[in-house]
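This is query.cif (mmCIF, C-alpha atoms).
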data_my_file
loop_
_atom_site.label_atom_id
_atom_site.label_comp_id
_atom_site.auth_asym_id
_atom_site.auth_seq_id
_atom_site.Cartn_x
_atom_site.Cartn_y
_atom_site.Cartn_z
CA MET A 5 -49.57 -69.74 14.61
CA LEU A 6 -48.05 -67.42 17.09
CA ARG A 7 -46.00 -64.58 15.70
CA ARG A 8 -42.91 -63.27 17.39
CA PRO A 9 -43.45 -59.67 18.50
CA PRO A 10 -41.26 -57.14 16.66
CA LEU A 11 -38.09 -56.06 18.41
CA PRO A 12 -38.04 -52.49 19.72
CA PRO A 13 -36.00 -50.00 17.63
CA ARG A 14 -32.33 -50.22 18.43
CA GLY A 15 -30.40 -46.96 18.98
CA PHE A 16 -26.73 -46.25 18.52
CA SER A 17 -24.37 -47.50 21.16
CA LEU A 18 -22.03 -45.10 22.93
CA VAL A 19 -19.11 -46.56 21.00
CA GLU A 20 -20.86 -45.97 17.68
CA LEU A 21 -21.76 -42.40 18.65
CA ALA A 22 -18.18 -41.71 19.73
CA LEU A 23 -16.89 -43.04 16.40
CA VAL A 24 -19.30 -40.85 14.43
CA LEU A 25 -18.35 -37.77 16.44
CA LEU A 26 -14.66 -38.53 15.92
CA ILE A 27 -15.12 -38.78 12.15
CA VAL A 28 -17.15 -35.56 12.05
CA GLY A 29 -14.50 -33.82 14.16
CA ILE A 30 -11.71 -34.93 11.84
CA LEU A 31 -13.67 -33.72 8.80
CA MET A 32 -14.35 -30.35 10.46
CA LEU A 33 -10.70 -29.90 11.41
CA SER A 34 -9.65 -30.72 7.85
CA LEU A 35 -12.18 -28.26 6.46
CA MET A 36 -11.10 -25.52 8.86
CA SER A 37 -7.43 -26.12 8.05
CA THR A 38 -8.12 -25.91 4.33
CA LEU A 39 -10.18 -22.76 4.77
CA SER A 40 -7.49 -21.18 6.96
CA SER A 41 -4.84 -21.98 4.35
CA GLN A 42 -6.99 -20.47 1.61
CA ILE A 43 -7.53 -17.28 3.61
CA GLU A 44 -3.82 -17.05 4.38
CA GLN A 45 -2.86 -17.45 0.72
CA ARG A 46 -5.50 -14.91 -0.29
CA ASN A 47 -4.02 -12.38 2.15
CA ILE A 48 -0.52 -13.02 0.84
CA ASP A 49 -1.66 -12.54 -2.77
CA ASP A 50 -3.69 -9.45 -1.86
CA THR A 51 -0.73 -7.91 -0.07
CA ARG A 52 1.49 -8.60 -3.07
CA ARG A 53 -0.99 -6.77 -5.30
CA ARG A 54 -1.08 -3.85 -2.87
CA LEU A 55 2.71 -3.60 -2.89
CA GLU A 56 2.77 -3.68 -6.68
CA GLN A 57 0.11 -0.97 -6.83
CA ALA A 58 2.14 1.15 -4.40
CA ARG A 59 5.21 0.67 -6.58
CA GLU A 60 3.36 1.88 -9.68
CA LEU A 61 1.98 4.90 -7.83
CA VAL A 62 5.46 5.85 -6.61
CA LEU A 63 6.78 5.67 -10.19
CA ALA A 64 3.79 7.69 -11.44
CA PHE A 65 4.47 10.32 -8.78
CA ALA A 66 8.11 10.50 -9.86
CA THR A 67 7.09 10.95 -13.51
CA VAL A 68 4.80 13.87 -12.64
CA ASN A 69 7.04 15.55 -10.06
CA GLY A 70 10.53 14.69 -11.28
CA ARG A 71 11.49 13.11 -7.96
CA LEU A 72 10.63 10.33 -5.52
CA PRO A 73 8.39 11.04 -2.50
CA CYS A 74 9.76 11.12 1.02
CA PRO A 75 8.39 8.66 3.61
CA ALA A 76 5.36 9.43 5.72
CA ARG A 77 5.52 9.31 9.52
CA SER A 78 3.08 8.13 12.16
CA ASN A 79 2.12 11.75 12.85
CA SER A 80 1.76 12.92 9.21
CA ILE A 81 -1.69 11.46 8.36
CA GLY A 82 -0.24 9.45 5.49
CA ALA A 83 1.53 12.36 3.76
CA GLU A 84 5.24 12.59 2.99
CA VAL A 85 7.37 14.66 5.38
CA ARG A 86 9.63 16.97 3.36
CA ASN A 87 10.96 20.47 3.95
CA ALA A 88 11.14 23.43 1.56
CA SER A 89 14.75 22.58 0.67
CA GLY A 90 13.73 19.22 -0.77
CA GLU A 91 14.97 17.10 2.13
CA CYS A 92 13.08 14.37 4.01
CA LYS A 93 13.13 16.39 7.23
CA ASP A 94 10.49 17.77 9.57
CA ALA A 95 10.32 21.21 11.21
CA SER A 96 12.68 20.00 13.96
CA ASN A 97 15.27 18.93 11.36
CA VAL A 98 14.71 15.22 12.09
CA GLU A 99 15.25 13.32 8.87
CA ASP A 100 13.81 10.04 7.70
CA TYR A 101 14.81 8.02 4.64
CA TYR A 102 15.07 4.45 5.99
CA GLY A 103 12.25 4.34 8.55
CA GLY A 104 12.29 3.03 12.11
CA ALA A 105 11.93 4.83 15.44
CA LEU A 106 12.44 8.60 15.34
CA ALA A 107 12.65 11.27 18.03
CA GLY A 108 9.56 11.85 20.15
CA GLY A 109 8.20 8.33 19.78
CA VAL A 110 7.37 8.84 16.09
CA THR A 111 7.59 5.94 13.63
CA GLY A 112 9.14 6.75 10.27
CA GLY A 113 9.35 4.91 6.98
CA LEU A 114 5.65 4.63 6.17
CA LEU A 115 4.30 4.63 2.63
CA PRO A 116 3.12 8.20 1.81
CA ALA A 117 -0.36 7.11 0.75
CA ALA A 118 -1.90 10.59 0.69
CA THR A 119 0.96 11.94 -1.41
CA ILE A 120 0.92 9.24 -4.09
CA GLY A 121 -2.86 8.66 -4.09
CA TYR A 122 -2.93 5.19 -2.58
CA GLN A 123 -6.52 4.29 -1.71
CA GLN A 124 -6.41 1.28 0.65
CA VAL A 125 -5.77 3.05 3.93
CA ASP A 126 -6.69 2.83 7.62
CA SER A 127 -8.76 5.36 9.55
CA SER A 128 -5.69 7.61 9.95
CA GLY A 129 -4.87 7.68 6.24
CA PHE A 130 -1.98 5.22 6.19
CA ALA A 131 -1.56 2.52 3.54
CA ILE A 132 -2.24 -0.96 4.88
CA ASP A 133 -1.65 -4.55 3.81
CA ALA A 134 -4.22 -7.36 3.88
CA TRP A 135 -3.64 -7.85 7.63
CA GLN A 136 -4.32 -4.15 8.31
CA ASN A 137 -0.65 -3.48 9.10
CA ARG A 138 0.85 -0.25 7.77
CA ILE A 139 2.97 -0.61 4.64
CA ARG A 140 6.58 0.52 4.99
CA TYR A 141 8.69 2.62 2.61
CA ALA A 142 12.38 3.51 2.34
CA VAL A 143 14.04 5.79 -0.22
CA ALA A 144 17.66 6.36 -1.17
CA LYS A 145 19.25 9.48 0.27
CA SER A 146 22.81 9.43 -1.03
CA VAL A 147 24.52 8.61 -4.31
CA ALA A 148 27.53 6.48 -5.07
CA SER A 149 30.75 8.43 -5.06
CA GLY A 150 31.90 9.65 -8.45
CA THR A 151 28.71 8.80 -10.34
CA CYS A 152 27.28 12.31 -10.83
CA THR A 153 28.27 14.84 -13.48
CA SER A 154 27.89 17.99 -11.37
CA THR A 155 28.20 19.09 -7.77
CA PHE A 156 25.17 19.00 -5.50
CA VAL A 157 24.17 18.46 -1.90
CA ASN A 158 22.37 15.27 -0.83
CA PRO A 159 19.65 14.14 -1.06
CA HIS A 160 19.35 13.39 -4.75
CA PHE A 161 16.40 11.16 -5.62
CA VAL A 162 13.81 13.11 -3.60
CA ASN A 163 15.03 16.46 -4.98
CA ALA A 164 13.69 17.41 -8.42
CA ALA A 165 16.34 20.09 -8.96
CA ASN A 166 19.18 17.66 -8.28
CA MET A 167 17.57 15.03 -10.49
CA LYS A 168 17.22 17.51 -13.34
CA ALA A 169 20.75 18.88 -12.97
CA ASN A 170 22.44 15.49 -13.01
CA GLY A 171 20.36 13.60 -15.56
CA ILE A 172 20.79 9.84 -15.37
CA ALA A 173 24.41 9.86 -14.22
CA CYS A 174 23.80 9.45 -10.48
CA GLN A 175 23.58 6.01 -8.93
CA PRO A 176 22.27 5.35 -5.39
CA GLY A 177 24.79 4.67 -2.67
CA ASP A 178 22.95 3.52 0.43
CA LEU A 179 19.98 1.07 0.34
CA LEU A 180 21.18 -2.53 0.53
CA ILE A 181 19.12 -5.74 0.56
CA CYS A 182 20.67 -8.79 2.23
CA LYS A 183 19.67 -12.44 2.64
CA SER A 184 20.24 -12.80 6.38
CA THR A 185 21.65 -11.22 9.53
CA ASN A 186 23.06 -14.58 10.65
CA VAL A 187 26.38 -14.45 8.79
CA SER A 188 30.04 -13.90 9.60
CA PRO A 189 31.27 -11.26 9.31
CA ALA A 190 27.98 -9.62 10.29
CA PRO A 191 26.28 -7.04 8.04
CA THR A 192 27.31 -3.41 8.48
CA THR A 193 25.76 -0.20 7.19
CA SER A 194 27.70 -0.62 3.96
CA SER A 195 27.95 -4.39 3.50
CA CYS A 196 25.82 -7.52 3.79
CA GLY A 197 28.76 -9.34 5.31
CA GLY A 198 29.17 -13.07 4.89
CA THR A 199 31.83 -15.11 3.12
CA PRO A 200 32.73 -14.94 0.30
CA ALA A 201 32.04 -11.26 -0.30
CA GLY A 202 28.66 -10.74 -1.94
CA ALA A 203 27.27 -14.18 -1.04
CA ASN A 204 24.78 -12.68 1.42
CA GLN A 205 23.72 -9.85 -0.89
CA ILE A 206 20.53 -9.66 -2.99
CA MET A 207 20.71 -6.08 -4.27
CA SER A 208 23.76 -3.81 -4.06
CA GLN A 209 23.85 -0.20 -2.84
CA SER A 210 24.23 1.08 -6.40
CA LEU A 211 20.93 -0.36 -7.64
CA VAL A 212 17.95 0.23 -5.32
CA VAL A 213 16.24 3.62 -4.93
CA VAL A 214 13.01 2.53 -3.21
CA ILE A 215 11.98 -0.37 -0.97
CA ILE A 216 8.29 -0.99 -0.22
CA PHE A 217 7.38 -3.78 2.16
CA SER A 218 4.75 -5.36 4.35
CA THR A 219 5.56 -6.63 7.84
CA GLY A 220 3.34 -9.63 7.10
CA LYS A 221 0.75 -11.35 9.23
CA ASN A 222 2.83 -11.04 12.39
CA GLY A 223 3.11 -7.25 11.99
CA ALA A 224 6.04 -5.49 13.60
CA LEU A 225 7.14 -8.61 15.48
CA THR A 226 9.32 -8.07 18.53
CA CYS A 227 11.34 -11.00 19.87
CA ALA A 228 14.90 -11.64 20.95
CA THR A 229 15.74 -13.95 18.04
CA CYS A 230 13.85 -12.18 15.22
CA THR A 231 16.93 -10.40 13.92
CA ASP A 232 15.98 -10.47 10.22
CA GLU A 233 12.62 -8.78 10.74
CA ALA A 234 14.19 -6.35 13.23
CA ALA A 235 16.73 -5.29 10.59
CA ASN A 236 13.90 -3.94 8.44
CA LEU A 237 12.63 -1.65 11.19
CA ASP A 238 15.84 -0.27 12.69
CA GLY A 239 16.73 2.37 10.11
CA ALA A 240 16.57 5.15 12.74
CA GLY A 241 15.73 7.68 10.03
CA SER A 242 19.00 7.75 8.14
CA ALA A 243 21.37 5.66 10.26
CA ASN A 244 20.94 2.12 8.94
CA PRO A 245 20.12 1.46 5.24
CA ILE A 246 20.40 -2.35 5.52
CA PHE A 247 17.28 -4.45 4.83
CA VAL A 248 16.78 -8.23 4.84
CA TYR A 249 14.53 -10.33 2.63
CA HIS A 250 14.09 -14.10 2.20
CA THR A 251 11.39 -16.76 2.10
CA PRO A 252 9.20 -17.13 5.23
CA THR A 253 10.72 -18.93 8.22
CA PRO A 254 9.18 -20.22 11.48
CA SER A 255 10.03 -19.05 14.99
CA SER A 256 12.41 -22.01 15.37
CA PHE A 257 14.67 -20.64 12.63
CA ALA A 258 18.09 -19.25 13.64
CA THR A 259 17.01 -15.68 12.88
CA GLY A 260 13.47 -16.16 14.17
CA GLU A 261 10.11 -15.89 12.49
CA PHE A 262 10.08 -13.97 9.19
CA ASP A 263 7.14 -13.23 6.91
CA ASP A 264 7.88 -9.76 5.50
CA GLN A 265 6.95 -9.22 1.85
CA PHE A 266 9.16 -7.00 -0.31
CA ILE A 267 9.10 -5.12 -3.56
CA TRP A 268 11.62 -2.53 -4.77
CA ILE A 269 12.43 -0.06 -7.54
CA THR A 270 15.85 -0.03 -9.19
CA VAL A 271 17.55 3.11 -10.41
CA GLY A 272 17.29 1.83 -14.00
CA GLU A 273 13.51 1.47 -13.70
CA LEU A 274 13.20 4.95 -12.24
CA TYR A 275 15.30 6.59 -14.95
CA GLY A 276 13.46 4.61 -17.62
CA ARG A 277 10.12 6.03 -16.45
CA LEU A 278 11.48 9.56 -16.22
CA ILE A 279 12.97 9.38 -19.72
CA ALA A 280 9.76 7.91 -21.17
CA GLY A 281 7.79 10.70 -19.46
CA GLY A 282 10.03 13.39 -20.88
CA VAL A 283 11.26 14.44 -17.44
CA LEU A 284 14.89 13.56 -18.14
CA PRO A 285 16.76 13.58 -21.45
#

Encoded form (structure tokens):
Amino acid sequence: MLRRPPLPPRGFSLVELALVLLIVGILMLSLMSTLSSQIEQRNIDDTRRRLEQARELVLAFATVNGRLPCPARSNSIGAEVRNASGECKDASNVEDYYGGALAGGVTGGLLPAATIGYQQVDSSGFAIDAWQNRIRYAVAKSVASGTCTSTFVNPHFVNAANMKANGIACQPGDLLICKSTNVSPAPTTSSCGGTPAGANQIMSQSLVVVIIFSTGKNGALTCATCTDEAANLDGAGSANPIFVYHTPTPSSFATGEFDDQFIWITVGELYGRLIAGGVLP
């Protein structure tokens, strides 16, 4: 009986190979997307921890020194810039409390890592977030009118003598945290604007003494529509104490892309630490 010879091995057709490659590609894209999301969330969480650590170090510094530190500048190697009179001024009398661009191309409003002992820094000694962007810092300069028990000259919260002389009577009068720049009436240096009054406000000028923030993954983003992020970097030293904070938004949003992360210290928290540390009565 004749036997039929075996058929030669059959390979995959081009259609079958294309289908396999398509499936593998989809799986790889899904895996990469998941991994990217995990890395992004890890960076967000890590940055949040860094901001919280910075906050605790600022409060610890205040407990030891009886005052808040001044901001660092891009030419200060991570140290606060403060003169002998207890003001946040350099040798040229340029002051910086709110950050932003200063005279001579210097950037102000950086976290004073060397002064407070913050360890996660770049090669120049400046505190950085998980994306290697420098962490920003703003501190109250003035006090609310009529809230202090004795006469003094500003600044208050970065001056140990003024802090000691006035106890816990003084309330801040400048830093203001708003929800958006896209409101009518527009924010000013003393109001978040919007209608009704207070609707666009997160923290009032009588509450916040320190703001610490990360510029997020996009860093110091510069674009025509990114007005909310721009508001956090336009302090011009001591000219504009208005800051903006809200949940992240894409570039298609009315006020542009926003991914800044914020943390702040209220005057009540500061005084509570100073009282517990025996610095203030």

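Proximity ranking of A:Ala83, A:Ala134, A:Ile181, A:Leu21 relative to Val214 (chain A) places A:Ile181 first, based on all atoms listed in the file.
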
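For the pair CA of Ile172 (chain A) and CA of Tyr275 (chain A), the separation is 6.4 Å.
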
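Closest to Ser149 (chain A) among A:Gln209, A:Thr111, A:Asn204, A:Thr119 is A:Gln209, based on all atoms listed in the file.
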
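For Asn244 (chain A), the residues within 7 Å (counting only C-alpha atoms, excluding itself and residues fewer than 6 positions away along the chain) are Tyr102, Thr193 and Asp238 of chain A.
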
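This file gives the following result for the PyMOL selection byres ((chain A and resi 251) around 8): Tyr249, His250, Pro252, Thr253, Phe262 and Asp263 of chain A.
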
Next on the checklist: Translate the PyMOL selection byres ((chain A and resi 245) around 12) into a concrete residue list for this structure, as JSON, numbers by chain.
Outcome noted: {"A": [100, 101, 102, 103, 104, 113, 141, 142, 143, 144, 145, 146, 176, 177, 178, 179, 180, 181, 182, 191, 192, 193, 194, 195, 196, 208, 209, 212, 213, 214, 215, 235, 236, 237, 238, 239, 240, 241, 242, 243, 244, 246, 247, 248]}
